[in-house]
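These notes concern the structure reproduced below.
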Amino acid sequence: MTVTNRVRRFPHRTVSWLTPVAVLVIWELAARLGLLSQQVLPAPTIVLAKAGELIADGQLPENLLASLQRAATGFLIGAATGLGLGLLVGLSRIAESFLDRGIQMVRAVPFLAILPLVIVWFGIGEAGKIFLIALGTAVPLYLNTVLGIRQIDAKLLEMTEVVGLNRAGQVRWVVLPGALPSILGGLRLSLTAAWLALVIAETIGADAGLGFMATNAREFLQADVIVLVVIIYAAIGIVCDLITRLLERRLLRWHPTYAKLHA
Amino acid sequence: MSTVEVRGLVRRFGERTVLNGLDLNIAEGEFVALIGQSGCGKTTLLRLLAGLDRPDDGRLAAPDAKMVVFQEHRLLPWRRVWRNVAVGLGGDSRAAALRALAEVGLDGHAEAWPATLSGGEAQRVALARALVREPRLLLLDEPFAALDALTRIKMHALVRDLVTRHRPAVLLVTHDVDEAILLADRVVAMRDGQLAAEHRIAFDGPRDRKAPEFPLLRETLLAELGVIDELART
């Protein structure tokens, strides 16, 4: 017991924040002392001041909203498509024969590789961006939904047959909840892909959004705005991760692994 | 009046004939134990009776109101214990589920997740899930095989008690000769896809391993299963 107590007394949580804080302080000092050029990497306080300025004049909220709207639209279309096709193929052998091989072929293509093609198809308008985000979202969600349904224990299905559940009852009681851990894993990958697609899509001729802010800033060598945009992209990533973790905690309470992780 | 009537039942898997013209009757409320070595076809017979498989030949009559308790508990890990008991029931299923759980001594665990139960507790929930439907035929497929010896003794007592109260006809598939003698009204031994022997269990005194009839019956059954021949040969 003394051993665990001694280990507990070491302030792991506090220490884990020490390194990032130290990096920030060194960065600030280096910028102030002129070791870092303003054009290369502006001091954290300057980035912060710029953020205040851009919020005050409404530029940041406006562009952030444009980006989030774009991401949400693409994500919802992609998620509905991926989940829908995944359920269809998972539940029906016939649908599997028709669709699965084709989708597996599409999945072999890194979705960012078709960027030039997307520009040829949709131009540099909004549709192409949303298409790219939707594609990035749909593929991992589809794969994990199909996988989750495949992995369901046939013995549980047999049991529900004995107690007299029909096909719809089996889907509700066994297939969907059984596939859920895998589907949520797919959701996590989908959010990462959607967010990556957003960053790439916004660098191809946007007239609003975070990427538009960053490209504009590049023209005028405003490194502070570029750093700010990068930090906001990171924050969006963290929020996405938090959302999936909350969903897992809520929906997978029964699962011994997740119960332990969140105890 | 028979609850189960089986005549000339045949089931083949590829080249192998697992059931080869098997006959079996189970009377209403009768407890029959089916013993046999592994791979002799006893689980195949149970699955046919449960309607989970189709015979290749022969006649088979079993009631619609039948339930199975498998070797694994087969609880849905994502549903709380009482919902697992109530799965597929309509109406006020919660009250019925709680009553069934009380009968197996687990009403205190109604809101628990299956993953938090011990092996014996999970198997008792599986029993409650079967009994809440008041089956006319209860099929037990080696339900105690995966439990430790102490838990198994308690489960034997519980099953005897529940069966006395609900009076379903029971077919217990097991490879444990002692278990068969302790629980059943009649023990049938299976060998090469057919019934090789049957014994009505009628002890004068209490039915336990100390009963004078026990050792002889045990020897006889092991001989009929072919176990003693095999031991002698090695």
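Letters for chains follow the order of the structure tokens (A, B, ...), residue numbers begin at 1 for each chain, and ligand numbers begin at 1 in the order shown.
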Quick one: residues within 10 Å of Gly105 (chain B), only C-alpha atoms counted, chain neighbours fewer than 3 positions away excluded, as a PyMOL selection string?
chain B and resi 99-102+108-109+121+124-125+128+158
Within 8 Å of chain B: each chain A residue with its shortest pair, only C-alpha atoms, as a Markdown table:
| residue | atom | partner | partner_atom | distance |
| --- | --- | --- | --- | --- |
| A:Lys155 | CA | B:Arg74 | CA | 6.9 |
| A:Leu156 | CA | B:Arg74 | CA | 5.7 |
| A:Glu158 | CA | B:Leu52 | CA | 7.7 |
| A:Met159 | CA | B:Arg74 | CA | 6.8 |
| A:Thr160 | CA | B:Gly88 | CA | 7.8 |
| A:Val162 | CA | B:Met67 | CA | 6.6 |
| A:Val163 | CA | B:Gly88 | CA | 6.3 |
| A:Gly164 | CA | B:Gly88 | CA | 6.5 |
| A:Leu165 | CA | B:Gly88 | CA | 5.7 |
| A:Gly169 | CA | B:Gly88 | CA | 7.8 |
| A:Val174 | CA | B:Leu76 | CA | 7.3 |
| A:Pro177 | CA | B:Trp78 | CA | 6.7 |
| A:Gly178 | CA | B:Trp78 | CA | 7.6 |
| A:Leu252 | CA | B:Trp78 | CA | 7.7 |
| A:Trp254 | CA | B:Trp78 | CA | 5.2 |
| A:His255 | CA | B:Trp78 | CA | 7.2 |
| A:Pro256 | CA | B:Ala115 | CA | 6.5 |
May I have the residues within 12 Å of region 93-109 of chain A as an NGL selection string, using only C-alpha atoms and disregarding those fewer than 6 positions away in the same chain?
:A and (81-82 or 84-87 or 115 or 135-143 or 146-147 or 150)
Record the distance separating CA of Val175 (chain A) and CA of Arg250 (chain A), expressed in Å with one decimal.
18.5 Å
What is the distance between CA of Thr257 (chain A) and CA of Leu76 (chain A), in Å to one decimal?
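Between CA of Thr257 (chain A) and CA of Leu76 (chain A) the gap works out to 28.7 Å.
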Could you pull out all residues of region 12-258 of chain A with a DSSP call of helix (DSSP H, G or I) and give them as an MDAnalysis selection string?
chainID A and resid 12:32 44:56 59:91 93:108 111:122 126:150 154:162 167:203 210:219 223:251 256:258
All residues 12 Å or closer to Thr151 (chain B), only C-alpha atoms, same chain fewer than 3 positions away omitted, as a PDB file with all heavy atoms, in the first residue's frame:
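part-v2.pdb, freshly written:
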ATOM      1  N   SER B 118     -21.114 -12.995 -12.058  1.00  0.00           N
ATOM      2  CA  SER B 118     -20.241 -14.168 -12.102  1.00  0.00           C
ATOM      3  C   SER B 118     -20.846 -15.199 -13.058  1.00  0.00           C
ATOM      4  O   SER B 118     -21.994 -15.059 -13.481  1.00  0.00           O
ATOM      5  CB  SER B 118     -20.125 -14.766 -10.704  1.00  0.00           C
ATOM      6  OG  SER B 118     -21.345 -15.380 -10.352  1.00  0.00           O
ATOM      7  N   GLY B 119     -20.064 -16.226 -13.385  1.00  0.00           N
ATOM      8  CA  GLY B 119     -20.553 -17.248 -14.313  1.00  0.00           C
ATOM      9  C   GLY B 119     -21.841 -17.905 -13.831  1.00  0.00           C
ATOM     10  O   GLY B 119     -22.780 -18.102 -14.598  1.00  0.00           O
ATOM     11  N   GLY B 120     -21.889 -18.226 -12.544  1.00  0.00           N
ATOM     12  CA  GLY B 120     -23.079 -18.872 -11.986  1.00  0.00           C
ATOM     13  C   GLY B 120     -24.287 -17.946 -12.009  1.00  0.00           C
ATOM     14  O   GLY B 120     -25.396 -18.368 -12.331  1.00  0.00           O
ATOM     15  N   GLU B 121     -24.061 -16.681 -11.673  1.00  0.00           N
ATOM     16  CA  GLU B 121     -25.171 -15.709 -11.683  1.00  0.00           C
ATOM     17  C   GLU B 121     -25.713 -15.533 -13.092  1.00  0.00           C
ATOM     18  O   GLU B 121     -26.927 -15.505 -13.300  1.00  0.00           O
ATOM     19  CB  GLU B 121     -24.686 -14.357 -11.137  1.00  0.00           C
ATOM     20  CG  GLU B 121     -24.471 -14.349  -9.634  1.00  0.00           C
ATOM     21  CD  GLU B 121     -23.738 -13.103  -9.145  1.00  0.00           C
ATOM     22  OE1 GLU B 121     -23.108 -12.413  -9.972  1.00  0.00           O
ATOM     23  OE2 GLU B 121     -23.778 -12.832  -7.939  1.00  0.00           O
ATOM     24  N   ALA B 122     -24.803 -15.416 -14.069  1.00  0.00           N
ATOM     25  CA  ALA B 122     -25.232 -15.234 -15.455  1.00  0.00           C
ATOM     26  C   ALA B 122     -26.077 -16.429 -15.902  1.00  0.00           C
ATOM     27  O   ALA B 122     -27.095 -16.270 -16.576  1.00  0.00           O
ATOM     28  CB  ALA B 122     -24.019 -15.069 -16.369  1.00  0.00           C
ATOM     29  N   GLN B 123     -25.677 -17.631 -15.491  1.00  0.00           N
ATOM     30  CA  GLN B 123     -26.419 -18.816 -15.890  1.00  0.00           C
ATOM     31  C   GLN B 123     -27.788 -18.860 -15.194  1.00  0.00           C
ATOM     32  O   GLN B 123     -28.762 -19.337 -15.763  1.00  0.00           O
ATOM     33  CB  GLN B 123     -25.578 -20.066 -15.580  1.00  0.00           C
ATOM     34  CG  GLN B 123     -25.888 -21.276 -16.405  1.00  0.00           C
ATOM     35  CD  GLN B 123     -25.795 -21.047 -17.910  1.00  0.00           C
ATOM     36  OE1 GLN B 123     -26.529 -20.271 -18.480  1.00  0.00           O
ATOM     37  NE2 GLN B 123     -24.896 -21.759 -18.558  1.00  0.00           N
ATOM     38  N   ARG B 124     -27.874 -18.314 -13.985  1.00  0.00           N
ATOM     39  CA  ARG B 124     -29.171 -18.227 -13.308  1.00  0.00           C
ATOM     40  C   ARG B 124     -30.080 -17.232 -14.029  1.00  0.00           C
ATOM     41  O   ARG B 124     -31.293 -17.453 -14.136  1.00  0.00           O
ATOM     42  CB  ARG B 124     -28.985 -17.814 -11.843  1.00  0.00           C
ATOM     43  CG  ARG B 124     -28.788 -19.016 -10.927  1.00  0.00           C
ATOM     44  CD  ARG B 124     -27.835 -18.708  -9.795  1.00  0.00           C
ATOM     45  NE  ARG B 124     -28.410 -17.848  -8.791  1.00  0.00           N
ATOM     46  CZ  ARG B 124     -27.679 -17.194  -7.861  1.00  0.00           C
ATOM     47  NH1 ARG B 124     -26.361 -17.323  -7.858  1.00  0.00           N
ATOM     48  NH2 ARG B 124     -28.267 -16.433  -6.983  1.00  0.00           N
ATOM     49  N   PRO B 143     -25.845 -26.982 -19.325  1.00  0.00           N
ATOM     50  CA  PRO B 143     -25.827 -25.613 -18.795  1.00  0.00           C
ATOM     51  C   PRO B 143     -24.867 -25.421 -17.623  1.00  0.00           C
ATOM     52  O   PRO B 143     -24.576 -24.299 -17.251  1.00  0.00           O
ATOM     53  CB  PRO B 143     -27.268 -25.393 -18.336  1.00  0.00           C
ATOM     54  CG  PRO B 143     -27.775 -26.762 -18.048  1.00  0.00           C
ATOM     55  CD  PRO B 143     -27.071 -27.697 -18.978  1.00  0.00           C
ATOM     56  N   PHE B 144     -24.382 -26.521 -17.039  1.00  0.00           N
ATOM     57  CA  PHE B 144     -23.515 -26.377 -15.862  1.00  0.00           C
ATOM     58  C   PHE B 144     -22.061 -26.715 -16.178  1.00  0.00           C
ATOM     59  O   PHE B 144     -21.208 -26.654 -15.306  1.00  0.00           O
ATOM     60  CB  PHE B 144     -23.991 -27.293 -14.728  1.00  0.00           C
ATOM     61  CG  PHE B 144     -25.477 -27.319 -14.554  1.00  0.00           C
ATOM     62  CD1 PHE B 144     -26.195 -28.488 -14.714  1.00  0.00           C
ATOM     63  CD2 PHE B 144     -26.160 -26.153 -14.252  1.00  0.00           C
ATOM     64  CE1 PHE B 144     -27.573 -28.497 -14.575  1.00  0.00           C
ATOM     65  CE2 PHE B 144     -27.545 -26.157 -14.112  1.00  0.00           C
ATOM     66  CZ  PHE B 144     -28.250 -27.343 -14.275  1.00  0.00           C
ATOM     67  N   ALA B 145     -21.800 -27.074 -17.453  1.00  0.00           N
ATOM     68  CA  ALA B 145     -20.476 -27.591 -17.805  1.00  0.00           C
ATOM     69  C   ALA B 145     -19.368 -26.570 -17.564  1.00  0.00           C
ATOM     70  O   ALA B 145     -18.260 -26.926 -17.209  1.00  0.00           O
ATOM     71  CB  ALA B 145     -20.466 -28.047 -19.264  1.00  0.00           C
ATOM     72  N   ALA B 146     -19.679 -25.284 -17.754  1.00  0.00           N
ATOM     73  CA  ALA B 146     -18.623 -24.274 -17.650  1.00  0.00           C
ATOM     74  C   ALA B 146     -18.484 -23.714 -16.232  1.00  0.00           C
ATOM     75  O   ALA B 146     -17.693 -22.821 -16.001  1.00  0.00           O
ATOM     76  CB  ALA B 146     -18.896 -23.136 -18.629  1.00  0.00           C
ATOM     77  N   LEU B 147     -19.286 -24.242 -15.286  1.00  0.00           N
ATOM     78  CA  LEU B 147     -19.255 -23.687 -13.925  1.00  0.00           C
ATOM     79  C   LEU B 147     -18.306 -24.478 -13.033  1.00  0.00           C
ATOM     80  O   LEU B 147     -18.035 -25.650 -13.277  1.00  0.00           O
ATOM     81  CB  LEU B 147     -20.658 -23.723 -13.320  1.00  0.00           C
ATOM     82  CG  LEU B 147     -21.738 -22.984 -14.116  1.00  0.00           C
ATOM     83  CD1 LEU B 147     -23.092 -23.171 -13.449  1.00  0.00           C
ATOM     84  CD2 LEU B 147     -21.412 -21.506 -14.233  1.00  0.00           C
ATOM     85  N   ASP B 148     -17.827 -23.836 -11.973  1.00  0.00           N
ATOM     86  CA  ASP B 148     -16.955 -24.552 -11.042  1.00  0.00           C
ATOM     87  C   ASP B 148     -17.787 -25.529 -10.214  1.00  0.00           C
ATOM     88  O   ASP B 148     -19.017 -25.425 -10.136  1.00  0.00           O
ATOM     89  CB  ASP B 148     -16.207 -23.570 -10.144  1.00  0.00           C
ATOM     90  CG  ASP B 148     -17.140 -22.829  -9.230  1.00  0.00           C
ATOM     91  OD1 ASP B 148     -17.404 -23.316  -8.115  1.00  0.00           O
ATOM     92  OD2 ASP B 148     -17.643 -21.759  -9.640  1.00  0.00           O
ATOM     93  N   LYS B 154     -24.852 -26.016  -6.287  1.00  0.00           N
ATOM     94  CA  LYS B 154     -25.960 -25.101  -5.961  1.00  0.00           C
ATOM     95  C   LYS B 154     -26.945 -25.007  -7.123  1.00  0.00           C
ATOM     96  O   LYS B 154     -28.153 -24.936  -6.925  1.00  0.00           O
ATOM     97  CB  LYS B 154     -25.407 -23.704  -5.621  1.00  0.00           C
ATOM     98  CG  LYS B 154     -24.728 -23.666  -4.264  1.00  0.00           C
ATOM     99  CD  LYS B 154     -24.465 -22.231  -3.808  1.00  0.00           C
ATOM    100  CE  LYS B 154     -23.112 -21.785  -4.281  1.00  0.00           C
ATOM    101  NZ  LYS B 154     -22.786 -20.411  -3.900  1.00  0.00           N
ATOM    102  N   MET B 155     -26.406 -25.022  -8.357  1.00  0.00           N
ATOM    103  CA  MET B 155     -27.272 -24.938  -9.526  1.00  0.00           C
ATOM    104  C   MET B 155     -28.157 -26.181  -9.639  1.00  0.00           C
ATOM    105  O   MET B 155     -29.319 -26.090 -10.029  1.00  0.00           O
ATOM    106  CB  MET B 155     -26.432 -24.796 -10.801  1.00  0.00           C
ATOM    107  CG  MET B 155     -25.812 -23.434 -10.975  1.00  0.00           C
ATOM    108  SD  MET B 155     -27.027 -22.133 -11.284  1.00  0.00           S
ATOM    109  CE  MET B 155     -27.367 -22.407 -13.008  1.00  0.00           C
ATOM    110  N   HIS B 156     -27.599 -27.345  -9.282  1.00  0.00           N
ATOM    111  CA  HIS B 156     -28.405 -28.574  -9.316  1.00  0.00           C
ATOM    112  C   HIS B 156     -29.620 -28.433  -8.416  1.00  0.00           C
ATOM    113  O   HIS B 156     -30.747 -28.744  -8.810  1.00  0.00           O
ATOM    114  CB  HIS B 156     -27.560 -29.775  -8.855  1.00  0.00           C
ATOM    115  CG  HIS B 156     -26.550 -30.198  -9.864  1.00  0.00           C
ATOM    116  ND1 HIS B 156     -25.489 -31.006  -9.562  1.00  0.00           N
ATOM    117  CD2 HIS B 156     -26.437 -29.916 -11.188  1.00  0.00           C
ATOM    118  CE1 HIS B 156     -24.765 -31.208 -10.654  1.00  0.00           C
ATOM    119  NE2 HIS B 156     -25.317 -30.564 -11.644  1.00  0.00           N
ATOM    120  N   ALA B 157     -29.376 -27.931  -7.206  1.00  0.00           N
ATOM    121  CA  ALA B 157     -30.476 -27.772  -6.256  1.00  0.00           C
ATOM    122  C   ALA B 157     -31.504 -26.785  -6.788  1.00  0.00           C
ATOM    123  O   ALA B 157     -32.719 -27.015  -6.706  1.00  0.00           O
ATOM    124  CB  ALA B 157     -29.926 -27.302  -4.909  1.00  0.00           C
ATOM    125  N   LEU B 158     -31.014 -25.687  -7.367  1.00  0.00           N
ATOM    126  CA  LEU B 158     -31.914 -24.654  -7.879  1.00  0.00           C
ATOM    127  C   LEU B 158     -32.779 -25.205  -9.015  1.00  0.00           C
ATOM    128  O   LEU B 158     -34.000 -24.999  -9.048  1.00  0.00           O
ATOM    129  CB  LEU B 158     -31.095 -23.455  -8.375  1.00  0.00           C
ATOM    130  CG  LEU B 158     -31.892 -22.316  -9.009  1.00  0.00           C
ATOM    131  CD1 LEU B 158     -32.785 -21.644  -7.981  1.00  0.00           C
ATOM    132  CD2 LEU B 158     -30.968 -21.299  -9.657  1.00  0.00           C
TER     133      LEU B 158
END
Can you tell me which residues surround Leu184 (chain A) at a distance of at most 9 Å, considering only C-alpha atoms, apart from same-chain residues fewer than 3 positions away, and format the answer as a PyMOL selection string?
chain A and resi 141+144-145+179-181+187-189+244+247-248
Between CA of Val118 (chain A) and CA of Gln222 (chain A), what is the distance in Å, rounded to a tenth?
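CA of Val118 (chain A) sits 29.5 Å away from CA of Gln222 (chain A).
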Step one, run DSSP on the backbone; step two, keep only residues of region 10-197 of chain B assigned to strand (DSSP E or B); then write them as a PDB file with C-alpha atoms, in the first residue's frame.
ATOM      1  CA  VAL B  10     -31.965 -38.932 -39.008  1.00  0.00           C
ATOM      2  CA  ARG B  11     -29.542 -36.052 -39.306  1.00  0.00           C
ATOM      3  CA  ARG B  12     -26.456 -36.100 -41.494  1.00  0.00           C
ATOM      4  CA  PHE B  13     -23.656 -33.570 -41.817  1.00  0.00           C
ATOM      5  CA  ARG B  16     -21.306 -38.267 -41.245  1.00  0.00           C
ATOM      6  CA  THR B  17     -24.592 -39.616 -39.954  1.00  0.00           C
ATOM      7  CA  VAL B  18     -24.941 -38.054 -36.518  1.00  0.00           C
ATOM      8  CA  LEU B  19     -28.454 -39.248 -35.715  1.00  0.00           C
ATOM      9  CA  ASN B  20     -29.319 -42.625 -37.147  1.00  0.00           C
ATOM     10  CA  GLY B  21     -32.989 -43.488 -36.672  1.00  0.00           C
ATOM     11  CA  LEU B  22     -33.404 -42.236 -33.125  1.00  0.00           C
ATOM     12  CA  ASP B  23     -36.628 -42.747 -31.111  1.00  0.00           C
ATOM     13  CA  LEU B  24     -37.466 -40.801 -27.969  1.00  0.00           C
ATOM     14  CA  ASN B  25     -40.581 -39.922 -25.956  1.00  0.00           C
ATOM     15  CA  ILE B  26     -40.757 -37.424 -23.140  1.00  0.00           C
ATOM     16  CA  ALA B  27     -43.913 -37.444 -21.041  1.00  0.00           C
ATOM     17  CA  PHE B  31     -37.244 -34.867 -16.494  1.00  0.00           C
ATOM     18  CA  VAL B  32     -35.063 -36.792 -18.936  1.00  0.00           C
ATOM     19  CA  ALA B  33     -31.276 -36.652 -18.904  1.00  0.00           C
ATOM     20  CA  LEU B  34     -29.496 -37.520 -22.131  1.00  0.00           C
ATOM     21  CA  ILE B  35     -25.914 -38.616 -21.662  1.00  0.00           C
ATOM     22  CA  ASP B  57     -35.578 -37.884 -42.097  1.00  0.00           C
ATOM     23  CA  GLY B  58     -37.979 -39.088 -39.420  1.00  0.00           C
ATOM     24  CA  ARG B  59     -40.791 -37.580 -37.389  1.00  0.00           C
ATOM     25  CA  LEU B  60     -40.469 -35.031 -34.631  1.00  0.00           C
ATOM     26  CA  ALA B  61     -43.210 -33.466 -32.521  1.00  0.00           C
ATOM     27  CA  LYS B  66     -40.152 -24.426 -25.496  1.00  0.00           C
ATOM     28  CA  MET B  67     -37.043 -22.695 -24.240  1.00  0.00           C
ATOM     29  CA  VAL B  68     -33.351 -23.457 -24.287  1.00  0.00           C
ATOM     30  CA  VAL B  69     -30.619 -22.792 -21.752  1.00  0.00           C
ATOM     31  CA  LEU B 137     -40.510 -28.101 -22.742  1.00  0.00           C
ATOM     32  CA  LEU B 138     -37.237 -26.915 -21.218  1.00  0.00           C
ATOM     33  CA  LEU B 139     -34.096 -27.873 -23.101  1.00  0.00           C
ATOM     34  CA  LEU B 140     -30.854 -27.677 -21.125  1.00  0.00           C
ATOM     35  CA  ASP B 141     -27.692 -27.990 -23.223  1.00  0.00           C
ATOM     36  CA  ALA B 169     -40.903 -31.473 -19.414  1.00  0.00           C
ATOM     37  CA  VAL B 170     -37.104 -31.274 -19.352  1.00  0.00           C
ATOM     38  CA  LEU B 171     -34.403 -32.655 -21.590  1.00  0.00           C
ATOM     39  CA  LEU B 172     -31.001 -32.216 -19.976  1.00  0.00           C
ATOM     40  CA  VAL B 173     -28.067 -32.907 -22.257  1.00  0.00           C
ATOM     41  CA  THR B 174     -24.936 -33.669 -20.283  1.00  0.00           C
ATOM     42  CA  ARG B 186     -35.086 -41.095 -16.437  1.00  0.00           C
ATOM     43  CA  VAL B 187     -31.597 -41.305 -17.888  1.00  0.00           C
ATOM     44  CA  VAL B 188     -31.081 -42.260 -21.516  1.00  0.00           C
ATOM     45  CA  ALA B 189     -27.672 -43.099 -22.898  1.00  0.00           C
ATOM     46  CA  MET B 190     -26.794 -42.299 -26.468  1.00  0.00           C
ATOM     47  CA  ARG B 191     -24.245 -44.050 -28.621  1.00  0.00           C
ATOM     48  CA  GLN B 194     -29.139 -43.991 -31.345  1.00  0.00           C
ATOM     49  CA  LEU B 195     -30.388 -44.520 -27.809  1.00  0.00           C
ATOM     50  CA  ALA B 196     -28.307 -47.331 -26.317  1.00  0.00           C
ATOM     51  CA  ALA B 197     -30.029 -47.723 -22.944  1.00  0.00           C
TER      52      ALA B 197
END
Would you pick out the contacts of Leu221 (chain B) at 8 Å or less, using only C-alpha atoms, so that residues sharing its chain but fewer than 4 positions from it are not included, and give the list as a ChimeraX atom specification?
/B:177,189,217,225
